[in-house]
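Visitor: Encoded as structure tokens, here's the structure I'll be asking about.
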Amino acid sequence: MQPGMGLHRYTATAPAMPFGPWRGPGHGTPQPGHCRQCGQPSGSCCCGCRECRKEAKELLVSPSATPPAGTNPTTGSVMLKSLNVSGSQDLTLDTATIGTGTAFIGGGCCVTLAVEYAPSTTTAKAVVLVAVADSEGTVLIWARSEPAGTGYRVHECIITTKPGAALTVEVSNCTARVRWCEVFSCC
């Protein structure tokens, strides 16, 4: 190296690149469905921003001493009675009390339901029915009859549905809770 010729530090600004290697396409302008801070897809974002949030929802149904309107306490509810298919589990009700509950399922993407239930009386069978009717007319039903003496049960991923669905839960001789998470995008 010749005297007087030293290496100089580059002092100009960094060249503008259309795709920054660390921030995704175009600095500060994320693609739809991507985090505004890190540029990652919303489902993969770990930077702590609240662009997409999950909200836990639940519906608790207990049997009541007075049956719901349109039911006969000696034969059970209309929905539970209609599921008595020969050769399947006995889903009809004799003289048990019945509980019914409804909820609306919202959010921005598919929802998966889980149910947990415990019998009210261990000397009688328990019946749980979960029905979902979505906005496109599809109806999905999950039902379970437990013999006398059965304890607390949990069943996950019983039904997957779209937002906008109506949830109906019917129980006989048990208390049931249906849980799901609704995902909201705040972009």
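Ligands are numbered from 1 in the order shown, residues from 1 within each chain, and chains are lettered A, B, ... in the order they appear in the structure tokens.
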With 10 Å as the cut-off and only C-alpha atoms counted, what is the closest atom pair between each nearby residue of stretch 149-185 of chain A and stretch 124-143 of chain A? Distances in Å to one decimal, ordered by chain and number, as JSON lines.
Guide:
```
{"residue": "A:Gly149", "atom": "CA", "partner": "A:Ala124", "partner_atom": "CA", "distance": 7.4}
{"residue": "A:Thr150", "atom": "CA", "partner": "A:Lys125", "partner_atom": "CA", "distance": 8.0}
{"residue": "A:Gly151", "atom": "CA", "partner": "A:Ala126", "partner_atom": "CA", "distance": 9.8}
{"residue": "A:Ile158", "atom": "CA", "partner": "A:Trp142", "partner_atom": "CA", "distance": 6.7}
{"residue": "A:Ile159", "atom": "CA", "partner": "A:Leu140", "partner_atom": "CA", "distance": 7.1}
{"residue": "A:Thr160", "atom": "CA", "partner": "A:Leu140", "partner_atom": "CA", "distance": 8.8}
{"residue": "A:Thr161", "atom": "CA", "partner": "A:Asp134", "partner_atom": "CA", "distance": 7.0}
{"residue": "A:Lys162", "atom": "CA", "partner": "A:Asp134", "partner_atom": "CA", "distance": 6.6}
{"residue": "A:Pro163", "atom": "CA", "partner": "A:Asp134", "partner_atom": "CA", "distance": 7.6}
{"residue": "A:Gly164", "atom": "CA", "partner": "A:Ser135", "partner_atom": "CA", "distance": 5.7}
{"residue": "A:Ala165", "atom": "CA", "partner": "A:Asp134", "partner_atom": "CA", "distance": 3.9}
{"residue": "A:Ala166", "atom": "CA", "partner": "A:Ala133", "partner_atom": "CA", "distance": 5.3}
{"residue": "A:Leu167", "atom": "CA", "partner": "A:Val132", "partner_atom": "CA", "distance": 4.7}
{"residue": "A:Thr168", "atom": "CA", "partner": "A:Ala131", "partner_atom": "CA", "distance": 5.2}
{"residue": "A:Val169", "atom": "CA", "partner": "A:Val130", "partner_atom": "CA", "distance": 4.6}
{"residue": "A:Glu170", "atom": "CA", "partner": "A:Leu129", "partner_atom": "CA", "distance": 5.1}
{"residue": "A:Val171", "atom": "CA", "partner": "A:Val128", "partner_atom": "CA", "distance": 4.6}
{"residue": "A:Ser172", "atom": "CA", "partner": "A:Val127", "partner_atom": "CA", "distance": 5.0}
{"residue": "A:Asn173", "atom": "CA", "partner": "A:Ala126", "partner_atom": "CA", "distance": 5.0}
{"residue": "A:Cys174", "atom": "CA", "partner": "A:Ala126", "partner_atom": "CA", "distance": 5.7}
{"residue": "A:Thr175", "atom": "CA", "partner": "A:Val128", "partner_atom": "CA", "distance": 8.7}
{"residue": "A:Ala176", "atom": "CA", "partner": "A:Val128", "partner_atom": "CA", "distance": 7.3}
{"residue": "A:Val178", "atom": "CA", "partner": "A:Val130", "partner_atom": "CA", "distance": 8.3}
```
Visitor: Which of these residues is nearest to A:Thr112, using only C-alpha atoms: A:Arg177, A:Gly39, A:Cys157, A:Pro147?
Guide: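 Looking at the shortest contact to A:Thr112, the residue is A:Cys157.
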Visitor: Please identify all polymer residues within 10 Å of A:Cys109, counting only C-alpha atoms, omitting same-chain residues fewer than 2 positions from it, and present them as a ChimeraX atom specification.
Guide: /A:106-107,111,161-163,181-185
Visitor: Could you save those same residues with N, CA, C and O atoms as a compact mmCIF listing (two decimals), in the first residue's frame?
Guide:
```txt
# COMPACT_ATOMS: atom_id res chain seq x y z
N GLY A 106 -68.10 -17.60 15.78
CA GLY A 106 -67.59 -16.55 14.91
C GLY A 106 -66.12 -16.74 14.63
O GLY A 106 -65.59 -17.84 14.73
N GLY A 107 -65.44 -15.66 14.29
CA GLY A 107 -64.01 -15.70 14.02
C GLY A 107 -63.71 -15.53 12.55
O GLY A 107 -64.57 -15.15 11.76
N VAL A 111 -63.03 -23.58 13.01
CA VAL A 111 -63.11 -23.77 14.45
C VAL A 111 -63.28 -25.25 14.74
O VAL A 111 -64.06 -25.93 14.08
N THR A 161 -65.89 -26.75 12.06
CA THR A 161 -66.87 -25.99 11.30
C THR A 161 -66.32 -24.62 10.94
O THR A 161 -65.24 -24.24 11.37
N LYS A 162 -67.09 -23.89 10.14
CA LYS A 162 -66.70 -22.56 9.69
C LYS A 162 -67.34 -21.50 10.58
O LYS A 162 -68.37 -21.75 11.22
N PRO A 163 -66.78 -20.29 10.60
CA PRO A 163 -67.43 -19.20 11.34
C PRO A 163 -68.82 -18.94 10.77
O PRO A 163 -69.08 -19.15 9.59
N CYS A 181 -61.92 -22.10 20.06
CA CYS A 181 -61.20 -20.83 19.97
C CYS A 181 -61.56 -20.16 18.65
O CYS A 181 -61.53 -20.79 17.60
N GLU A 182 -61.87 -18.88 18.74
CA GLU A 182 -62.14 -18.09 17.54
C GLU A 182 -60.91 -17.23 17.28
O GLU A 182 -60.36 -16.63 18.18
N VAL A 183 -60.45 -17.22 16.00
CA VAL A 183 -59.28 -16.46 15.61
C VAL A 183 -59.72 -15.22 14.87
O VAL A 183 -60.51 -15.29 13.92
N PHE A 184 -59.21 -14.05 15.31
CA PHE A 184 -59.54 -12.78 14.69
C PHE A 184 -58.28 -12.16 14.12
O PHE A 184 -57.25 -12.13 14.79
N SER A 185 -58.35 -11.65 12.90
CA SER A 185 -57.23 -10.95 12.30
C SER A 185 -57.50 -9.47 12.42
O SER A 185 -58.54 -8.98 11.99
```
Visitor: Can you tell me how far atom CA of A:Glu116 sits from atom CA of A:Ala148, in Å to one decimal?
Guide: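 For atom CA of A:Glu116 relative to atom CA of A:Ala148, the distance reads 16.8 Å.
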Visitor: Between A:Ser145, A:Lys57, A:Gly99, A:Gln40, which residue has the minimum interatomic distance to A:Ala114, considering only C-alpha atoms?
Guide: A:Lys57
Visitor: Between atom CA of A:Thr102 and atom CA of A:Arg53, what distance in Å does the model show, to one decimal?
Guide: 23.9 Å
Visitor: Rounded to one decimal in Å, what is the spacing between atom CA of A:Leu60 and atom CA of A:Cys110?
Guide: 21.1 Å
